[in-house]
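Novice: Sharing a structure below in structure tokens format, with a few things to ask.
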Amino acid sequence: MILRRAFISGAVASLSIASFAHAQQPRKIPRIGILWHAANIEEETPYFGSLVEGFRELGYIAGRNIALEHRFPAEKPDLFRSMAAELVSLKPDVLVGVGSAAVYVKRATSEIPMVFMHVPDPVGAGLVQTVRRPGGNATGLTNFSVDLSAKRLQLLKEIVPSLVRVALLINPTANISGLYVKQSSEAAAQLGLEVQPFEVALLEQLDQSFNAMAKTGMQAVVINAESLFYQGKGRIAKLAMERRLPTCVWVRELIEAGALMSYGVDQRRIARRVAVYVDRILKGKKPAEMPVEQPTTFESIINMRTAKTLGVAIPPSILLRTEQIGE
């Protein structure tokens with residue numbers, strides 16, 4: 001009987017020790033690898049903060065119950081490739097690709113789940129098979145910008161009725177650029193406009209491109225959704241102002257930098273929504289079965305200070321349906 005009690009006591013003690021040891025083991029927290037496109041947090045403002053805020057709204061606090069591994073390739077192809085490979089080597093639970101970085105993340109792995117954001121044409125970029133059924137390891141949120149090319153030209157024409165010749169600033173290294181040119185050309189024909197592409201693959205080429213616009217008699221310029229142009233937003237606004245070129249862009253942050261007007265989606269909201277997609281994947285959802293989220297609301301913004309400097313009178317009909325800043 002004594003031996004039996006000793007055995008039971010020993011077994012209970014062993015079980016208690018094992019349970020205590022298990023309780024002491026650090027809980028594995030999910031790791032998310034994020035490949036941005038610019039050089040640092042400042043250049044990714046405000047989207048960096050919006051993405052972190054999105055995680056916080058769902059109860060994820062970086063360094064406490066989630067690990068966020070950020071990489072900043074500064075728009076350099078070699079760094080895009082090497083940093084995407086580095087993030088994959090960390091074996092994160094989910095990868096996030098921002099803008100032009102998304103394609104590099106997709107090329108780096110076909111196994112680790114991936115969420116993209118600020119991608120105009122995820123099907124054309126080869127990220128998904130269709131927006132309804134992505135079919136691979138990637139899904140995410142599109143900013144729908146390609147389909148808004150016609151609207152931007154229309155707004156420019158309303159603001160500058162004498163408008164005839166419009167420059168399209170494009171990045172020739174981006175697959176999406178061909179589609180921008182095609183859709184803009186089709187819309188221009190309906191509006192009685194002529195459009196001409198001007199290529200910029202590096203920010204250092206901006207001055208040359210804007211000089212060419214002035215020499216060829218361009219009267220305005222459309223800046224299409226492109227990570228490179230977001231990074232150069234301040235320089236673009238300055239060059240356009242110096243050459244007195246009204247600009248229509250795709251996002252609020254370029255208006256705040258000095259562009260004339262924008263028509264597009266709230267990309268800060270998209271950045272916050274990334275956390276929702278990541279959370280669903282962490283809870284067992286498969287990207288292949290998660291439809292790509294497309295925006296349903298769009299915002300039109302005008303920088304009134306820029307309009308005044310350029311001597312552009314904004315028609316009342318546009319002011320009634322447009323947010324104004326810089327008044």
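Labels for the structure tokens follow display order: chains A, B, ..., residues from 1 in each chain, ligands from 1.
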So which bits of range 65-279 of chain A end up strand (DSSP E or B) when you DSSP the backbone, as an NGL selection string?
Specialist: :A and (66-71 or 94-98 or 114-119 or 138-142 or 165-170 or 194-199 or 220-223 or 247-249 or 261-264)
Novice: Take the residues that were just selected and, keeping C-alpha atoms, output them as an mmCIF file, in the first residue's frame.
Specialist:
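Writing the result to part.cif gives the following:
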```
data_model
loop_
_atom_site.group_PDB
_atom_site.id
_atom_site.type_symbol
_atom_site.label_atom_id
_atom_site.label_comp_id
_atom_site.auth_asym_id
_atom_site.auth_seq_id
_atom_site.Cartn_x
_atom_site.Cartn_y
_atom_site.Cartn_z
ATOM 1 C CA ILE A 66 2.796 39.118 -33.541
ATOM 2 C CA ALA A 67 6.174 39.612 -35.208
ATOM 3 C CA LEU A 68 6.311 42.006 -38.156
ATOM 4 C CA GLU A 69 9.432 41.683 -40.292
ATOM 5 C CA HIS A 70 9.716 44.784 -42.501
ATOM 6 C CA ARG A 71 12.044 45.172 -45.482
ATOM 7 C CA VAL A 94 2.183 35.028 -44.074
ATOM 8 C CA LEU A 95 3.958 37.360 -46.503
ATOM 9 C CA VAL A 96 2.761 40.821 -47.528
ATOM 10 C CA GLY A 97 3.778 42.533 -50.766
ATOM 11 C CA VAL A 98 3.164 46.273 -51.178
ATOM 12 C CA MET A 114 0.696 35.947 -49.391
ATOM 13 C CA VAL A 115 -1.419 39.114 -49.179
ATOM 14 C CA PHE A 116 -0.821 42.011 -51.577
ATOM 15 C CA MET A 117 -2.006 45.600 -51.437
ATOM 16 C CA HIS A 118 -2.016 48.665 -53.726
ATOM 17 C CA VAL A 119 -1.832 46.496 -56.840
ATOM 18 C CA ALA A 138 -1.790 34.930 -53.095
ATOM 19 C CA THR A 139 -4.777 37.187 -52.543
ATOM 20 C CA GLY A 140 -5.219 40.735 -51.364
ATOM 21 C CA LEU A 141 -6.597 44.161 -52.134
ATOM 22 C CA THR A 142 -6.482 46.057 -55.409
ATOM 23 C CA ARG A 165 -2.564 67.285 -75.436
ATOM 24 C CA VAL A 166 -2.028 65.232 -72.271
ATOM 25 C CA ALA A 167 1.144 63.507 -71.102
ATOM 26 C CA LEU A 168 1.004 60.065 -69.455
ATOM 27 C CA LEU A 169 3.817 59.505 -66.979
ATOM 28 C CA ILE A 170 4.556 55.765 -66.936
ATOM 29 C CA GLU A 194 -4.340 63.309 -77.645
ATOM 30 C CA VAL A 195 -2.245 61.385 -75.127
ATOM 31 C CA GLN A 196 1.487 60.729 -75.267
ATOM 32 C CA PRO A 197 3.451 58.432 -72.900
ATOM 33 C CA PHE A 198 6.620 59.691 -71.221
ATOM 34 C CA GLU A 199 8.752 56.986 -69.615
ATOM 35 C CA ALA A 220 -1.400 68.553 -68.610
ATOM 36 C CA VAL A 221 -0.136 65.275 -67.212
ATOM 37 C CA VAL A 222 -1.751 62.171 -65.731
ATOM 38 C CA ILE A 223 0.303 60.302 -63.128
ATOM 39 C CA THR A 247 -1.691 67.126 -62.904
ATOM 40 C CA CYS A 248 -4.254 64.433 -62.187
ATOM 41 C CA VAL A 249 -3.014 61.649 -59.910
ATOM 42 C CA MET A 261 -6.168 66.891 -58.371
ATOM 43 C CA SER A 262 -6.668 63.192 -57.753
ATOM 44 C CA TYR A 263 -9.304 60.604 -58.375
ATOM 45 C CA GLY A 264 -8.939 57.210 -56.774
#
```
Novice: Quick one: everything within 8 Å of Arg133 in chain A, counting only C-alpha atoms, minus sequence neighbours fewer than 6 positions away in the same chain. Send it as a compact mmCIF listing (two decimals) with C-alpha atoms, in the first residue's frame.
Specialist:
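What landed in around38.txt:
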```txt
# COMPACT_ATOMS: atom_id res chain seq x y z
CA ALA A 288 -6.78 30.49 -53.23
CA GLU A 289 -10.37 30.73 -51.99
CA MET A 290 -10.32 34.35 -50.76
CA PRO A 291 -11.58 36.81 -53.41
CA VAL A 292 -9.45 39.86 -54.10
```
Novice: May I ask which of the residues A:Ala275, A:Gly124, A:Val164, A:Val181 is the closest one to Ala150 in chain A, counting only C-alpha atoms?
Specialist: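 Nearest candidate to Ala150 in chain A out of A:Ala275, A:Gly124, A:Val164, A:Val181: A:Val181.
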Novice: Gln183 in chain A: which residues within 9 Å, counting only C-alpha atoms, same-chain residues fewer than 4 positions away excluded, as a list in words?
Specialist: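 My list of contacting residues is Val146, Asp147, Ser149, Ala150, Gly178, Leu179, Ala187 and Ala188 of chain A.
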Novice: Using only C-alpha atoms, which of A:Ser227, A:Ser162, A:Ser89, A:Ser50 sits nearest Glu75 in chain A?
Specialist: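 For Glu75 in chain A, the nearest of the candidates is A:Ser227.
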Novice: Determine which residues of range 237-316 of chain A receive a DSSP assignment of alpha helix (DSSP H), computed from the backbone, and state them as a JSON list (two decimals) with N, CA and C atoms, in the first residue's frame.
Specialist:
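Just written: states-v9.json:
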```json
[["chain", "number", "residue", "atom", "x", "y", "z"],
["A", 237, "ALA", "N", 5.52, 66.99, -58.19],
["A", 237, "ALA", "CA", 4.68, 68.17, -57.99],
["A", 237, "ALA", "C", 5.45, 69.45, -58.32],
["A", 238, "LYS", "N", 6.70, 69.51, -57.92],
["A", 238, "LYS", "CA", 7.53, 70.70, -58.17],
["A", 238, "LYS", "C", 7.78, 70.88, -59.67],
["A", 239, "LEU", "N", 8.13, 69.79, -60.36],
["A", 239, "LEU", "CA", 8.41, 69.88, -61.79],
["A", 239, "LEU", "C", 7.16, 70.28, -62.57],
["A", 240, "ALA", "N", 6.02, 69.72, -62.19],
["A", 240, "ALA", "CA", 4.77, 70.07, -62.88],
["A", 240, "ALA", "C", 4.42, 71.54, -62.65],
["A", 241, "MET", "N", 4.63, 72.00, -61.44],
["A", 241, "MET", "CA", 4.32, 73.40, -61.13],
["A", 241, "MET", "C", 5.22, 74.34, -61.92],
["A", 242, "GLU", "N", 6.50, 74.03, -61.98],
["A", 242, "GLU", "CA", 7.45, 74.88, -62.70],
["A", 242, "GLU", "C", 7.11, 74.98, -64.18],
["A", 252, "ARG", "N", -4.48, 60.60, -52.58],
["A", 252, "ARG", "CA", -4.45, 61.81, -51.76],
["A", 252, "ARG", "C", -3.04, 62.31, -51.46],
["A", 253, "GLU", "N", -2.13, 61.40, -51.17],
["A", 253, "GLU", "CA", -0.80, 61.82, -50.72],
["A", 253, "GLU", "C", -0.06, 62.64, -51.77],
["A", 254, "LEU", "N", -0.33, 62.41, -53.06],
["A", 254, "LEU", "CA", 0.30, 63.23, -54.10],
["A", 254, "LEU", "C", -0.33, 64.62, -54.16],
["A", 255, "ILE", "N", -1.62, 64.71, -53.81],
["A", 255, "ILE", "CA", -2.26, 66.02, -53.72],
["A", 255, "ILE", "C", -1.65, 66.81, -52.58],
["A", 256, "GLU", "N", -1.43, 66.15, -51.45],
["A", 256, "GLU", "CA", -0.82, 66.82, -50.31],
["A", 256, "GLU", "C", 0.60, 67.27, -50.62],
["A", 267, "GLN", "N", -6.22, 54.73, -50.03],
["A", 267, "GLN", "CA", -5.22, 53.68, -49.89],
["A", 267, "GLN", "C", -4.80, 53.47, -48.43],
["A", 268, "ARG", "N", -5.08, 54.40, -47.57],
["A", 268, "ARG", "CA", -4.82, 54.19, -46.15],
["A", 268, "ARG", "C", -5.76, 53.11, -45.61],
["A", 269, "ARG", "N", -7.01, 53.19, -46.06],
["A", 269, "ARG", "CA", -7.98, 52.17, -45.64],
["A", 269, "ARG", "C", -7.55, 50.79, -46.15],
["A", 270, "ILE", "N", -7.07, 50.74, -47.39],
["A", 270, "ILE", "CA", -6.61, 49.46, -47.93],
["A", 270, "ILE", "C", -5.49, 48.89, -47.07],
["A", 271, "ALA", "N", -4.55, 49.74, -46.66],
["A", 271, "ALA", "CA", -3.45, 49.27, -45.82],
["A", 271, "ALA", "C", -3.94, 48.71, -44.50],
["A", 272, "ARG", "N", -4.96, 49.34, -43.91],
["A", 272, "ARG", "CA", -5.53, 48.81, -42.67],
["A", 272, "ARG", "C", -6.22, 47.47, -42.90],
["A", 273, "ARG", "N", -6.86, 47.32, -44.05],
["A", 273, "ARG", "CA", -7.61, 46.11, -44.36],
["A", 273, "ARG", "C", -6.70, 44.90, -44.58],
["A", 274, "VAL", "N", -5.43, 45.13, -44.88],
["A", 274, "VAL", "CA", -4.49, 44.01, -45.06],
["A", 274, "VAL", "C", -4.48, 43.11, -43.83],
["A", 275, "ALA", "N", -4.55, 43.73, -42.65],
["A", 275, "ALA", "CA", -4.52, 42.95, -41.41],
["A", 275, "ALA", "C", -5.69, 41.98, -41.34],
["A", 276, "VAL", "N", -6.85, 42.37, -41.87],
["A", 276, "VAL", "CA", -8.03, 41.50, -41.86],
["A", 276, "VAL", "C", -7.74, 40.25, -42.69],
["A", 277, "TYR", "N", -7.12, 40.43, -43.85],
["A", 277, "TYR", "CA", -6.80, 39.29, -44.70],
["A", 277, "TYR", "C", -5.76, 38.39, -44.04],
["A", 278, "VAL", "N", -4.75, 38.99, -43.44],
["A", 278, "VAL", "CA", -3.73, 38.20, -42.76],
["A", 278, "VAL", "C", -4.35, 37.41, -41.61],
["A", 279, "ASP", "N", -5.22, 38.05, -40.85],
["A", 279, "ASP", "CA", -5.88, 37.40, -39.72],
["A", 279, "ASP", "C", -6.69, 36.18, -40.19],
["A", 280, "ARG", "N", -7.39, 36.31, -41.30],
["A", 280, "ARG", "CA", -8.18, 35.20, -41.81],
["A", 280, "ARG", "C", -7.29, 34.02, -42.20],
["A", 281, "ILE", "N", -6.15, 34.33, -42.79],
["A", 281, "ILE", "CA", -5.22, 33.27, -43.18],
["A", 281, "ILE", "C", -4.65, 32.58, -41.94],
["A", 282, "LEU", "N", -4.30, 33.37, -40.93],
["A", 282, "LEU", "CA", -3.77, 32.79, -39.70],
["A", 282, "LEU", "C", -4.80, 31.87, -39.02],
["A", 304, "MET", "N", -6.48, 73.42, -53.84],
["A", 304, "MET", "CA", -6.88, 74.75, -54.26],
["A", 304, "MET", "C", -5.70, 75.71, -54.33],
["A", 305, "ARG", "N", -4.70, 75.49, -53.48],
["A", 305, "ARG", "CA", -3.51, 76.34, -53.54],
["A", 305, "ARG", "C", -2.78, 76.15, -54.87],
["A", 306, "THR", "N", -2.69, 74.90, -55.31],
["A", 306, "THR", "CA", -2.04, 74.62, -56.59],
["A", 306, "THR", "C", -2.86, 75.20, -57.74],
["A", 307, "ALA", "N", -4.19, 75.07, -57.66],
["A", 307, "ALA", "CA", -5.05, 75.63, -58.70],
["A", 307, "ALA", "C", -4.85, 77.14, -58.82],
["A", 308, "LYS", "N", -4.75, 77.81, -57.68],
["A", 308, "LYS", "CA", -4.55, 79.26, -57.69],
["A", 308, "LYS", "C", -3.20, 79.61, -58.31],
["A", 309, "THR", "N", -2.16, 78.86, -57.94],
["A", 309, "THR", "CA", -0.82, 79.13, -58.47],
["A", 309, "THR", "C", -0.78, 78.94, -59.98],
["A", 310, "LEU", "N", -1.48, 77.92, -60.48],
["A", 310, "LEU", "CA", -1.50, 77.64, -61.91],
["A", 310, "LEU", "C", -2.48, 78.53, -62.68],
["A", 316, "PRO", "N", -17.70, 75.29, -60.67],
["A", 316, "PRO", "CA", -18.54, 74.99, -59.50],
["A", 316, "PRO", "C", -19.08, 73.57, -59.51]]
```
Novice: For Ala108 in chain A, list every protein, DNA or RNA residue within 10 Å, evaluated using only C-alpha atoms, and leave out those in the same chain fewer than 3 positions away; present the list as a PyMOL selection string.
Specialist: chain A and resi 81-89+102-105+111-112
Novice: Save out the residues we just selected, C-alpha atoms, as a PDB file, in the first residue's frame.
Specialist:
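Result file follows (again.pdb):
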```pdb
ATOM      1  CA  ARG A  81      14.682  40.082 -55.235  1.00  0.00           C
ATOM      2  CA  SER A  82      17.152  39.600 -52.383  1.00  0.00           C
ATOM      3  CA  MET A  83      14.807  40.905 -49.683  1.00  0.00           C
ATOM      4  CA  ALA A  84      11.926  38.774 -50.944  1.00  0.00           C
ATOM      5  CA  ALA A  85      14.219  35.725 -50.755  1.00  0.00           C
ATOM      6  CA  GLU A  86      15.356  36.759 -47.279  1.00  0.00           C
ATOM      7  CA  LEU A  87      11.797  37.020 -46.003  1.00  0.00           C
ATOM      8  CA  VAL A  88      10.923  33.621 -47.476  1.00  0.00           C
ATOM      9  CA  SER A  89      13.956  32.103 -45.731  1.00  0.00           C
ATOM     10  CA  ALA A 102       4.102  42.047 -54.648  1.00  0.00           C
ATOM     11  CA  VAL A 103       5.369  40.489 -57.879  1.00  0.00           C
ATOM     12  CA  TYR A 104       8.788  39.811 -56.334  1.00  0.00           C
ATOM     13  CA  VAL A 105       7.198  38.150 -53.305  1.00  0.00           C
ATOM     14  CA  GLU A 111       3.864  27.944 -50.929  1.00  0.00           C
ATOM     15  CA  ILE A 112       3.827  30.575 -48.189  1.00  0.00           C
TER      16      ILE A 112
END
```
Novice: Report, in Å to a single decimal, how far apart CA of Gln294 in chain A and CA of Thr109 in chain A are.
Specialist: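 A separation of 24.2 Å between them.
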